[in-house]
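**Q** Can you keep this structure in mind? I'll have questions shortly.
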Amino acid sequence: MKELLILVVVTVFTLVTYYLVEPFAHATLHKHVESEAFAYADLPAITKLGDATRGKELVLGAGACTGCHSINVADISAPMDAVGAAGAYGVNPPDLSNAGVVYDEKFLNALIKNPAHTLMVEHKFDESKGEMHPMIPFYGAGGDIEQETADMIAYLQSIAVSSEKLTPAMAFENACGRCHGVKYEKWTQVGTKSSFKHKKDELAFDIKVLDYQDSLKAYMGKLPPDLSMYIRSRGEHYISTFMENPQNYLEGTSMPRVGVSADTAEKVIEYLEDAGDTKRHEREETGKYVMIYIIIFAIFGVLWKRQVWRDLH
Amino acid sequence: MAHFTKATSIKDWLNQRLAIEKVEKVLASEYWIPKNINFLWAMGMILVVTFALLLVSGIFLLMYYQPNVDLAFDSVNYTIMREVGYGWLWRHVHGVAASVVFLIIYIHMFTGIYYGSYKKGREMIWISGMLLFIAFSAEAFSGYMLPWGQMSYWAGMVITNLFAGGSLHADGLVEWIRGDYVPAQAFLSRFFMLHVLLIPLAIIGLIGLHFGALRIPHVNNQDGEEIDFDEESKKYLAGDKAGSKVIRFANDFMAKDMMVVGFYLVFFFYLVFYHYGFAMDPVNFDPADGLKTPAHIYPEWYFLWSYEILRPFSTDIGLMAFAFAQVIFMLLPFLDRSPNAVPASRRGLFKYWFWAMLVDMIALTAMGKLPPEGAFSTIGLVAALVFIGLWIALPVITYFEKKA
Amino acid sequence: MKDNSRRGFMGKAFGGVAAVGAVASLFAMKKSWDPLPSVKAAGFTTLDMSGYKENELVTEKWRGKPIFVLKYTSEMIAAMDESQKPRIITVGEASYLVTIGLCTHLGCIPSYDRKKESFLCACHGGTYDLVANVTKAPPPRALDIPPFTIKGNTLVLGEVGPEYLEMKKNGLTL
C-alpha cells in the first residue's frame with residue numbers, strides 16, 4: 001500500500017512538470033490558429049453552372065491563360081521554360097492540367113478575377129508605383145463575367161485527373177514546389193534532380209536551379225525555405241493552417257495563400273511526411289510488437305520476483 | 001608463483017585464474033542489501049539500464065553520424081532517419097533515453113534527500129552522485145549540439161556565452177571554448193569528441209566510484225534503521241531468510257529491481273514509439289543558421305530550473321545565482337547539520353523544507369521555458385529567491401532539529 | 001629510519017618532476033584548444049573603403065555575420081539631424097554607415113530600399129532610417145556597430161579603435 005502511495009506521489013509530480021513544460025508552455029509560446037477546413041469563407045461562392053466547352057474557348061482564347069501557363073494534357077506548352085518564366089514573372093506559372101483538382105474552385109473563381117487580393121499579397125504591390133501582380137486579372141470577355149469564370153473552371157476540372165489519381169507528389173509539386181525545394185526528395189524548384197552521368201550535365205542543372213532561385217529571391221524577398229524536415233519542425237497542424245492562410249502566422253509575409261482544396265492539403269501533408277517522417281509506418285508497426293514484448297517481459301519480471309521473494313517474507 | 005592444477009571444468013579453469021566464485025560472492029550473492037526498501041531503491045538499476053540503452057543506441061548512431069557543419073544535419077535527418085535500417089529507432093531511443101534519464105536522476109536524487117541517504121558515512125555516495133549529475137549534464141549538452149539544428153546552434157551560442165562571466169567580459173575564454181568567434185566547425189568537432197569519448201569515460205569512471213562508495217556504508221533503508229549487516233547476513237546464511245533484515249544483491253534484490261525495470265521499460269518504449277515529441281524539440285529540425293535567431297531559445301527541460309535561476313536577475317547577479325545553484329546540491333551533506341538519517345517525515349522542519357524545495361524546483365522548471373513576461377517573470381523571480389533562501393535556511397533549521 | 005625518509009624524499013621529488021611534465025603537457029593541451037590561425041585571421045575583415053559607390057548597400061561578412069556598408073551622398077548628410085550624425089563613420093573624406101546587418105529584434109537580415117533610403121526587416125516589419133536607428137518597432141535598438149578601427153583609407157573590423165570606443169561610451173551601440 002505504501003509503495004502505491006509513493007508511486008502516486010512520483011507520478012503526480014512528474015505529470016505536473018510534464019504538463020507545465022510541454023502542453024502549457026507550448027500553448028503559451030505559440031499562437032494557436034484554428035483550421036477553417038479550407039472553406040475560404042471570405043471568397044464569394046460560384047453562382048453559375050459552368051460549361052466546359054465554352055470554358056475551353058475562353059482558356060485557350062479570350063482568357064489568354066496560355067500566354068503564360070502550359071496545359072500539358074492539352075499539348076499546350078508554355079512560351080518560356082521555368083528559368084525564363086521566373087526571370088520574367090518572379091516565379092514559374094503553374095501548369096494548368098490539374099489546376100481544377102489541386103485548387104479549390106471558389107478560390108480559382110476569385111483568383112482569375114483578382115489574383116493579388118485572392119492570394120493575399122496585395123501588400124507586396126504598390127499600385128501607385130505601377131507595381132502589379134504578374135498574373136493579369138481577367139476583366140471578362142464581353143459576356144457575364146461570373147458565367148465566364150464558371151465556364152473556365154468547368155473546363156479546368158474536366159481536363160484534370162480525378163482526385164483519387166492525384167498523387168501527393170503531383171499535389172505538392174504544383175501547389176508548393178515552384179517556390180520550395182525538398183532536398184530529401186531530390187525536388188528542386190525546376191523539377192526533380194535525377195542522377196547525371198556527366199558532371200557537366202549535373203552542373204548545368206544546378207546552374208538552372210540557381211538562376212531560378214535568384215529570380216525567386218528577388219521576387220519573394222528571400223529564398224523560400226526547403227521543406228524537407230518541416231513535418232518535424234512545424235508539425236501537421238501548423239503546415240495545414242499555414243497553407244490555408246500564411247498571414248495568420250506571419251503578418252506581411254510574401255508567401256501567398258495557395259488556395260489548395262482540403263483534399264490537396266492532405267496530400268501535401270502526406271508528401272511532407274514521406275520526406276521528413278519516412279519511417280512512420282515502420283515505427284507504428286514495430287511499436288506494436290515491442291510493446292507486446294515488453295509487457296511480457298514485465299510480467300515475467302513480476303513472476304520471477306514473486307518466486308524469489310516467497311522465502312524472504 | 002601460484003600453483004595451478006589441471007582444471008576439472010571450465011568453471012574451475014576460470015576459478016583458478018580469476019577467482020570467479022569469490023568475485024561472484026563479493027559482488028552478488030554476499031553483497032547484502034536491507035530488506036525494508038521500496039521501489040525507489042530500483043532507480044539505480046533503472047539508470048544502469050538507461051545508460052546501457054544510451055550506449056548501445058549511441059554506438060549505432062556513431063557509425064553514420066558526420067561531425068561536420070555541412071553534413072551533420074543531413075547525416076542525422078536523412079542518412080540515419082531515412083536510410084539506415086532501424087536508424088530512426090536508435091535515434092528515438094537515444095533522444096528519449098537522454099531525456100528520461102534525467103527524470104530518473106531527479107527521482108533518485110530526491111529519494112536520497114528524503115531518506116537522508118547522504119549522511120553518516122554516505123557522504124561520498126552523494127558527492128559521487130552529484131559528480132555524475134554534472135557529467136550527465138555535460139554529456140546531454142554536448143550531445144544536443146551534434147544534430148546541428150537551430151536549437152543546437154543557438155543553445156551552444158547562449159550557453160558558451162555564459163563563460164564570458166557578465167561584466168568580466170572574458171570573451172577570450174568563450175572563443176577558446178568554441179575555437180572560433182561563433183559556434184562553427186572547431187566547436188562541433190570538439191563537442192563531438194567530448195560527447196563520444198571524454199565524458200562517457202568520465203561517466204563510466206564515476207559510476208565505478210558511486211558503486212564503490214556504497215560498499216562500506218551499505219545501502220540505506222526506508223526506515224532509517226541501523227542494521228548490523230554481519231549479524232543479519234549470518235542469520236540469512238543460516239537459513240532464516242524471513243527473519244533476517246538483509247537480502248542478497250542477487251538474486252533477491254535483483255529480482256525486485258528487474259520487476260521495476262520491466263514496468264519502467266513499458267513506460268519507456270511507449271514514449272519511444274508514441275510520445276517522443278517532448279524529447280526532440282521541433283525547432284531543432286531546422287538546420288543551424290547563424291544569421292537567424294529562433295523566436296524562443298530555451299534549454300531542454302532538465303536544465304530549465306537552473307536556467308531560470310539565471311534569468312530573473314541582472315547579468316552579474318544572475319551568473320552568481322547560477323553558479324550557486326550548480327554547486328549547492330553537492331554541499332548538501334555538510335549543510336544538513338542534523339545527525340538524523342531518517343525519512344523526512346520524521347524530521348521536524350526538514351519535512352517542509354523537502355516538499356518546498358521540490359515544488360520550488362518544479363516552479364522554476366516551468367517558468368524557465370515560458371517567456372519572461374508579466375506574471376511568469378514575477379513567479380520566476382520569487383521561485384529563484386525561494387531556492388536561494390531555502391538553502392540558506394537549511395543549516396539553521398537542521399541545527400535546531402531534535403534527535404529523532 | 002634514515003633510509004626510509006630518504007626514500008620518502010626521492011618519492012616526492014619524483015612526483016614533483018612528474019607534475020612538471022603534467023603541467024607542461026596541460027599547456028600544450030590548452031594551446032590545442034585555441035582558435036586556429038586561419039580562424040583568427042578570418043576574425044578581422046579589412047574593408048578597402050575606396051571601392052564603395054554612393055547610396056549602394058554592400059553586404060560584407062565578418063565573423064559569420066553580415067555587415068552592411070553604405071556610402072552616404074552629401075545630400076543625405078545634409079538632411080540628417082543631430083540625433084543621426086553621431087552614428088556616421090568617416091573614413092578619409094567620405095561618410096559611411098557600417099553596421100551588423102542583423103535585425104536587433106530576432107536576427108533577420110533587413111533589406112535596404114534605395115528610393116526610400118531606409119531599411120525594412122521583412123520578418124516582423126521593423127524599419128530603420130539611414131543611420132540604422134529604429135523608426136518602427138518591434139526592434140529594441142538601432143543596428144549594432146561592429147568593433148572597428150580606421151587605418152588610412154581602410155576599415156578593420158574586429159579591432160577596437162578610438163572612434164568605436166567613443167560610440168560605445170555614448171551608448172550608440174552595444
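Residue numbering restarts at 1 in every chain; chains get A, B, ... in the order shown in the C-alpha cells, and ligands count up from 1 in that same order.
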Report the residues of stretch 16-94 of chain B whose backbone DSSP state falls under alpha helix (DSSP H), written as number ranges by chain.

**A** B: 16-18, 20-24, 43-62, 72-74, 87-94

**Q** Taking only C-alpha atoms into account, find every residue of chain C that has an atom no more than 12 Å from chain B, and write it out as a PyMOL selection string.

**A** chain C and resi 29-44+61-67+100-110+123-124+158

**Q** Residues of the last selection are to be written out with C-alpha atoms, as a PDB file, in the first residue's frame.

**A**
```pdb
ATOM      1  CA  MET C  29      46.529  20.926 -24.434  1.00  0.00           C
ATOM      2  CA  LYS C  30      45.356  24.463 -23.750  1.00  0.00           C
ATOM      3  CA  LYS C  31      47.053  25.663 -26.919  1.00  0.00           C
ATOM      4  CA  SER C  32      45.400  22.909 -28.922  1.00  0.00           C
ATOM      5  CA  TRP C  33      42.002  24.299 -27.951  1.00  0.00           C
ATOM      6  CA  ASP C  34      42.863  27.811 -29.120  1.00  0.00           C
ATOM      7  CA  PRO C  35      41.149  29.140 -32.227  1.00  0.00           C
ATOM      8  CA  LEU C  36      43.293  28.209 -35.242  1.00  0.00           C
ATOM      9  CA  PRO C  37      45.344  30.876 -37.005  1.00  0.00           C
ATOM     10  CA  SER C  38      43.095  30.596 -40.055  1.00  0.00           C
ATOM     11  CA  VAL C  39      40.053  31.164 -37.845  1.00  0.00           C
ATOM     12  CA  LYS C  40      41.693  34.131 -36.125  1.00  0.00           C
ATOM     13  CA  ALA C  41      42.747  35.635 -39.431  1.00  0.00           C
ATOM     14  CA  ALA C  42      39.169  35.346 -40.599  1.00  0.00           C
ATOM     15  CA  GLY C  43      38.100  37.222 -37.466  1.00  0.00           C
ATOM     16  CA  PHE C  44      39.427  40.511 -38.826  1.00  0.00           C
ATOM     17  CA  LYS C  61      30.915  39.317 -43.953  1.00  0.00           C
ATOM     18  CA  TRP C  62      32.661  39.435 -40.609  1.00  0.00           C
ATOM     19  CA  ARG C  63      32.832  36.541 -38.139  1.00  0.00           C
ATOM     20  CA  GLY C  64      29.932  34.795 -39.805  1.00  0.00           C
ATOM     21  CA  LYS C  65      27.724  37.869 -39.635  1.00  0.00           C
ATOM     22  CA  PRO C  66      26.569  40.124 -42.460  1.00  0.00           C
ATOM     23  CA  ILE C  67      27.976  43.660 -42.324  1.00  0.00           C
ATOM     24  CA  ILE C 100      25.958  44.426 -38.327  1.00  0.00           C
ATOM     25  CA  GLY C 101      23.168  43.546 -40.733  1.00  0.00           C
ATOM     26  CA  LEU C 102      21.043  41.612 -38.269  1.00  0.00           C
ATOM     27  CA  CYS C 103      17.746  42.985 -37.033  1.00  0.00           C
ATOM     28  CA  THR C 104      18.047  43.586 -33.288  1.00  0.00           C
ATOM     29  CA  HIS C 105      14.616  42.084 -32.814  1.00  0.00           C
ATOM     30  CA  LEU C 106      15.116  38.463 -33.813  1.00  0.00           C
ATOM     31  CA  GLY C 107      18.142  38.484 -36.050  1.00  0.00           C
ATOM     32  CA  CYS C 108      16.643  38.535 -39.533  1.00  0.00           C
ATOM     33  CA  ILE C 109      18.534  40.401 -42.242  1.00  0.00           C
ATOM     34  CA  PRO C 110      16.820  43.695 -43.166  1.00  0.00           C
ATOM     35  CA  CYS C 123      10.214  39.270 -40.802  1.00  0.00           C
ATOM     36  CA  HIS C 124       8.186  41.495 -38.482  1.00  0.00           C
ATOM     37  CA  GLY C 158      37.238  43.208 -35.201  1.00  0.00           C
TER      38      GLY C 158
END
```

**Q** May I ask you to extract the residues of chain B within 6 Å of chain A, using only C-alpha atoms, and to give them as number ranges by chain?

**A** B: 241-242, 255-256, 258-259, 262-263, 266, 273, 282-283, 285, 366, 370

**Q** Write out as an MDAnalysis selection string every residue belonging to chain A that has an atom at most 8 Å from any atom of chain C, counting only C-alpha atoms.

**A** chainID A and resid 221 250:253

**Q** Find the spatial neighbours of C:Val134, counting only C-alpha atoms, within a cut-off of 10 Å - ignore same-chain residues fewer than 4 positions away - and output them as a short mmCIF file (atom, residue, chain, number, x, y, z; two decimals) with C-alpha atoms, in the first residue's frame.

**A**
```
data_model
loop_
_atom_site.label_atom_id
_atom_site.label_comp_id
_atom_site.auth_asym_id
_atom_site.auth_seq_id
_atom_site.Cartn_x
_atom_site.Cartn_y
_atom_site.Cartn_z
CA CYS C 103 17.75 42.99 -37.03
CA THR C 104 18.05 43.59 -33.29
CA SER C 118 15.60 53.16 -45.25
CA PHE C 119 15.86 49.58 -44.07
CA GLY C 126 10.60 46.74 -38.29
CA THR C 127 12.13 49.71 -40.10
CA TYR C 128 15.37 51.65 -39.65
CA ASP C 129 16.43 55.00 -41.02
CA LEU C 130 19.55 55.89 -42.95
CA PRO C 138 9.49 45.88 -32.84
CA PRO C 139 13.34 46.20 -32.92
CA PRO C 140 14.51 47.27 -29.44
CA ARG C 141 17.55 49.26 -30.59
CA ALA C 142 19.44 50.50 -33.62
CA LEU C 143 21.50 48.05 -35.66
#
```

**Q** Between atom CA of C:Val91 and atom CA of C:Phe148, what is the spacing in Å?

**A**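 Rounded to one decimal, the two atoms are 11.4 Å apart.
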
**Q** Give me, as a list of chain:residue names, all polymer residues having an atom no more than 8 Å from C:Thr99, counting only C-alpha atoms and skipping those fewer than 2 positions away in the same chain.

**A**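 Listed by chain and then number, they are C:Ile67, C:Phe68, C:Val69, C:Leu97, C:Gly101, C:Ala132, C:Leu143, C:Asp144, C:Ile145, C:Pro146.
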
**Q** Just want the 10 Å neighbourhood of C:Thr90, counted on only C-alpha atoms, with same-chain residues fewer than 2 positions away dropped. Output as number ranges by chain.

**A** C: 71, 87-88, 92-97, 150, 153, 155, 163

**Q** Give me the residues within 9 Å of stretch 311-319 of chain B as number ranges by chain, counting only C-alpha atoms and dropping any in the same chain fewer than 4 places off.

**A** B: 162, 165-168, 306-307, 323-324, 368, 372, 377-378, 380-381, 384

**Q** Please list as a compact mmCIF listing (two decimals) with N, CA and C atoms, in the first residue's frame every residue within 8 Å of A:Leu216, counting only C-alpha atoms and excluding residues in the same chain fewer than 2 positions away.

**A**
```
# COMPACT_ATOMS: atom_id res chain seq x y z
N ALA A 86 10.59 32.44 -64.59
CA ALA A 86 10.90 33.02 -63.29
C ALA A 86 11.59 34.37 -63.47
N GLY A 90 9.06 36.26 -61.85
CA GLY A 90 9.49 36.05 -60.46
C GLY A 90 9.35 34.60 -60.06
N VAL A 91 8.31 33.95 -60.59
CA VAL A 91 8.09 32.54 -60.28
C VAL A 91 7.46 31.90 -61.51
N CYS A 179 8.17 27.14 -55.57
CA CYS A 179 8.92 28.05 -54.70
C CYS A 179 9.80 27.29 -53.71
N TYR A 212 17.09 30.12 -61.33
CA TYR A 212 15.68 30.19 -60.96
C TYR A 212 15.56 30.78 -59.54
N GLN A 213 16.41 30.27 -58.65
CA GLN A 213 16.34 30.73 -57.26
C GLN A 213 16.66 32.22 -57.14
N ASP A 214 17.58 32.69 -57.97
CA ASP A 214 17.90 34.13 -57.94
C ASP A 214 16.68 34.97 -58.27
N ALA A 218 14.59 37.48 -55.67
CA ALA A 218 14.29 38.88 -55.95
C ALA A 218 12.80 39.15 -55.84
N TYR A 219 11.99 38.17 -56.25
CA TYR A 219 10.54 38.36 -56.25
C TYR A 219 9.95 38.24 -54.84
N MET A 220 10.46 37.26 -54.06
CA MET A 220 9.87 36.99 -52.75
C MET A 220 10.56 37.73 -51.60
N LYS A 222 13.21 36.80 -50.08
CA LYS A 222 14.22 35.82 -49.67
C LYS A 222 13.86 34.48 -50.29
N LEU A 223 14.82 33.57 -50.29
CA LEU A 223 14.55 32.26 -50.89
C LEU A 223 13.61 31.49 -49.96
```

**Q** Quick one: pick out all strand (DSSP E) residues within stretch 145-237 of chain A from a backbone DSSP run and write them as a VMD selection string.

**A** chain A and resid 187 to 188 191 to 192

**Q** How would the residues just chosen look if you wrote them out with C-alpha atoms as a PDB file, in the first residue's frame?

**A**
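selection_10.pdb was written with the following content:
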```pdb
ATOM      1  CA  TRP A 187      12.960  18.081 -55.564  1.00  0.00           C
ATOM      2  CA  THR A 188      14.139  21.491 -56.783  1.00  0.00           C
ATOM      3  CA  GLY A 191      11.930  19.764 -61.149  1.00  0.00           C
ATOM      4  CA  THR A 192      13.328  16.539 -59.759  1.00  0.00           C
TER       5      THR A 192
END
```

**Q** If I take atom CA of C:Asn170 and atom CA of C:Thr59, how far is one from the other in Å, to one decimal?

**A** 25.8 Å
